[in-house]
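Below is one structure, written out as structure tokens; comments come after it.
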Amino acid sequence: MLLEKKREREVAIPTSSMADIAFLLLTFFLVTTSLDLDKGLQLPLPPKGTQQEISKDKIATLFVNAAGDILYDDEEIAVNNIKDRLKVRLAQNPDLIVSIKTDRATKYQVFMSVLDQVQLAEATKISIAEPDE
Amino acid sequence: MAINKKSKVSTEIPTASMPDIVFMLLLFFMVTTVFRTSTGLDITLPQAKRIVKLEAKKNVVSLWANVEGDISIDDQLTPVKEIARVMYKKIVENPLIIVSMKIDQGADMGLVTDIQQQLREVNALRVNYTARYGD
């Protein structure tokens with residue numbers, strides 16, 4: 001069979017749409033990029049001068065010492081159990097006031113973990129007690 | 001005079017170089033943009049699960065506190081006792097400010113309590129304790 005003379009054809013890929021692709025990509029990123037906002041535990045501070053005495057049954061106290069040990073109503077408790085114990089008490093009294101008191105030497109992370117557990121238990125009235133001087 | 005026969009000339013502007021122009025522009029901006037270097041003090045944020053996003057970035061004042069006890073409000077180093085004064089000026093301008101407390105996880109609660117008392121003095125009660133998501 002006679003070989004057909006191969007015609008030299010120019011095979012140029014049309015690049016005219018490259019700019020469109022670039023703009024589409026840019027637009028995609030412009031639209032989907034979101035600035036990273038800080039996230040944290042929300043807890044408003046009590047106004048100055050508010051100190052009240054509350055009766056024992058309306059309040060759950062959490063004491064944290066310098067070593068990070070936690071006392072829940074005078075009973076030693078591990079951090080992860082706080083949520084479950086509080087949930088039980090909150091079911092009985094949704095208006096329960098949860099008071100957190102730390103020592104001046106307690107590490108901030110311990111406080112945050114305790115506060116986190118209290119908020120996970122869906123407590124609405126959280127109070128931070130001033131540490132003893 | 002015979003009108004010269006108009007020769008058909010294609011009047012298309014060659015667009016083959018458009019991507020090059022786009023990339024040049026992009027490169028220019030990439031080179032000239034200066035990102036805000038990490039502001040605030042060097043700290044390790046604590047971890048918590050119930051973290052909520054801060055709303056309205058314009059109302060946020062960042063308060064940084066590291067393990068050594070240095071405090072920086074909006075990139076201005078402030079001694080503990082001066083926090084009330086600095087915050088008073090800010091709250092007068094904008095009563096809706098939220099203080100985003102970025103405190104190192106190893107900081108002592110004594111420092112945190114002092115900061116809280118200073119904030120209470122000037123009624124800056126909207127506080128958010130910044131944390132990373134985690135256990």
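Each chain in the structure tokens gets a letter, A, B, ..., in the order shown, and its residues are numbered from 1; ligands are numbered from 1 in order too.
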
* Tell me the residues of chain B close to chain A, meaning within 7 Å using only C-alpha atoms, as a ChimeraX atom specification. => /B:15-16,18-19,46,48-54,105-110,120-121,123,125-131

* Taking the backbone alone, and naming residues the way the document does, which bits of range 2-127 of chain A are alpha helix (DSSP H) by DSSP, as a PyMOL selection string? -> chain A and resi 18-32+82-92+108-120

Residues as selected, C-alpha atoms, written as a PDB file, in the first residue's frame, can you do that?
```pdb
ATOM      1  CA  MET A  18      -5.903  30.518  29.610  1.00  0.00           C
ATOM      2  CA  ALA A  19      -6.718  33.955  30.927  1.00  0.00           C
ATOM      3  CA  ASP A  20     -10.304  32.912  31.575  1.00  0.00           C
ATOM      4  CA  ILE A  21      -9.109  29.926  33.554  1.00  0.00           C
ATOM      5  CA  ALA A  22      -6.771  32.154  35.561  1.00  0.00           C
ATOM      6  CA  PHE A  23      -9.589  34.539  36.420  1.00  0.00           C
ATOM      7  CA  LEU A  24     -11.935  31.721  37.328  1.00  0.00           C
ATOM      8  CA  LEU A  25      -9.353  30.291  39.703  1.00  0.00           C
ATOM      9  CA  LEU A  26      -8.755  33.720  41.224  1.00  0.00           C
ATOM     10  CA  THR A  27     -12.469  34.308  41.665  1.00  0.00           C
ATOM     11  CA  PHE A  28     -12.852  30.920  43.323  1.00  0.00           C
ATOM     12  CA  PHE A  29     -10.206  31.728  45.919  1.00  0.00           C
ATOM     13  CA  LEU A  30     -11.521  35.241  46.481  1.00  0.00           C
ATOM     14  CA  VAL A  31     -14.922  33.848  47.246  1.00  0.00           C
ATOM     15  CA  THR A  32     -13.896  30.907  49.406  1.00  0.00           C
ATOM     16  CA  ILE A  82     -17.242  17.463  85.875  1.00  0.00           C
ATOM     17  CA  LYS A  83     -19.559  17.693  82.896  1.00  0.00           C
ATOM     18  CA  ASP A  84     -21.511  14.553  83.709  1.00  0.00           C
ATOM     19  CA  ARG A  85     -21.848  15.333  87.419  1.00  0.00           C
ATOM     20  CA  LEU A  86     -22.998  18.860  86.668  1.00  0.00           C
ATOM     21  CA  LYS A  87     -25.488  17.687  84.057  1.00  0.00           C
ATOM     22  CA  VAL A  88     -27.212  15.589  86.694  1.00  0.00           C
ATOM     23  CA  ARG A  89     -27.491  18.539  89.072  1.00  0.00           C
ATOM     24  CA  LEU A  90     -28.538  20.901  86.325  1.00  0.00           C
ATOM     25  CA  ALA A  91     -31.349  18.574  85.334  1.00  0.00           C
ATOM     26  CA  GLN A  92     -32.735  18.999  88.865  1.00  0.00           C
ATOM     27  CA  TYR A 108      -4.588  28.896  83.244  1.00  0.00           C
ATOM     28  CA  GLN A 109      -5.080  25.724  81.202  1.00  0.00           C
ATOM     29  CA  VAL A 110      -6.634  23.965  84.207  1.00  0.00           C
ATOM     30  CA  PHE A 111      -9.051  26.836  84.666  1.00  0.00           C
ATOM     31  CA  MET A 112      -9.928  26.715  80.961  1.00  0.00           C
ATOM     32  CA  SER A 113     -10.550  22.969  81.101  1.00  0.00           C
ATOM     33  CA  VAL A 114     -12.851  23.387  84.104  1.00  0.00           C
ATOM     34  CA  LEU A 115     -14.702  26.283  82.469  1.00  0.00           C
ATOM     35  CA  ASP A 116     -14.959  24.237  79.289  1.00  0.00           C
ATOM     36  CA  GLN A 117     -16.526  21.314  81.189  1.00  0.00           C
ATOM     37  CA  VAL A 118     -18.964  23.648  82.940  1.00  0.00           C
ATOM     38  CA  GLN A 119     -20.029  25.157  79.635  1.00  0.00           C
ATOM     39  CA  LEU A 120     -20.290  21.709  78.048  1.00  0.00           C
TER      40      LEU A 120
END
```

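Omitting Asn94 in chain B and its sequence neighbours fewer than 2 positions away, and counting only C-alpha atoms, the residues within 12 Å are Lys58, Asn59, Val60, Val61, Met87, Tyr88, Lys89, Lys90, Ile91, Val92, Leu96, Ile97, Ile98, Val99 and Ala124 of chain B.
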
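Using only C-alpha atoms for every distance, the candidate list B:Val34, B:Ile103, B:Ile21, B:Ala84 yields B:Ile103 as the residue closest to Gln47 in chain B.
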
* Asked: What is the distance, in Å and to one decimal place, between CA of Glu93 in chain B and CA of Asp75 in chain B?
  -> 18.1 Å

* Could you pull out the residues in chain B that DSSP calls strand (DSSP E) from the backbone, as a ChimeraX atom specification? => /B:47-48,52-53,60-65,71-73,76-78,98-103,127-130,132-133

* Any idea what the distance is between CA of Ser99 in chain A and CA of Ala121 in chain A? -> 13.5 Å

* To do: Tell me, in Å to one decimal, how far CA of Ser72 in chain B is from CA of Ser100 in chain B.
  => 11.6 Å
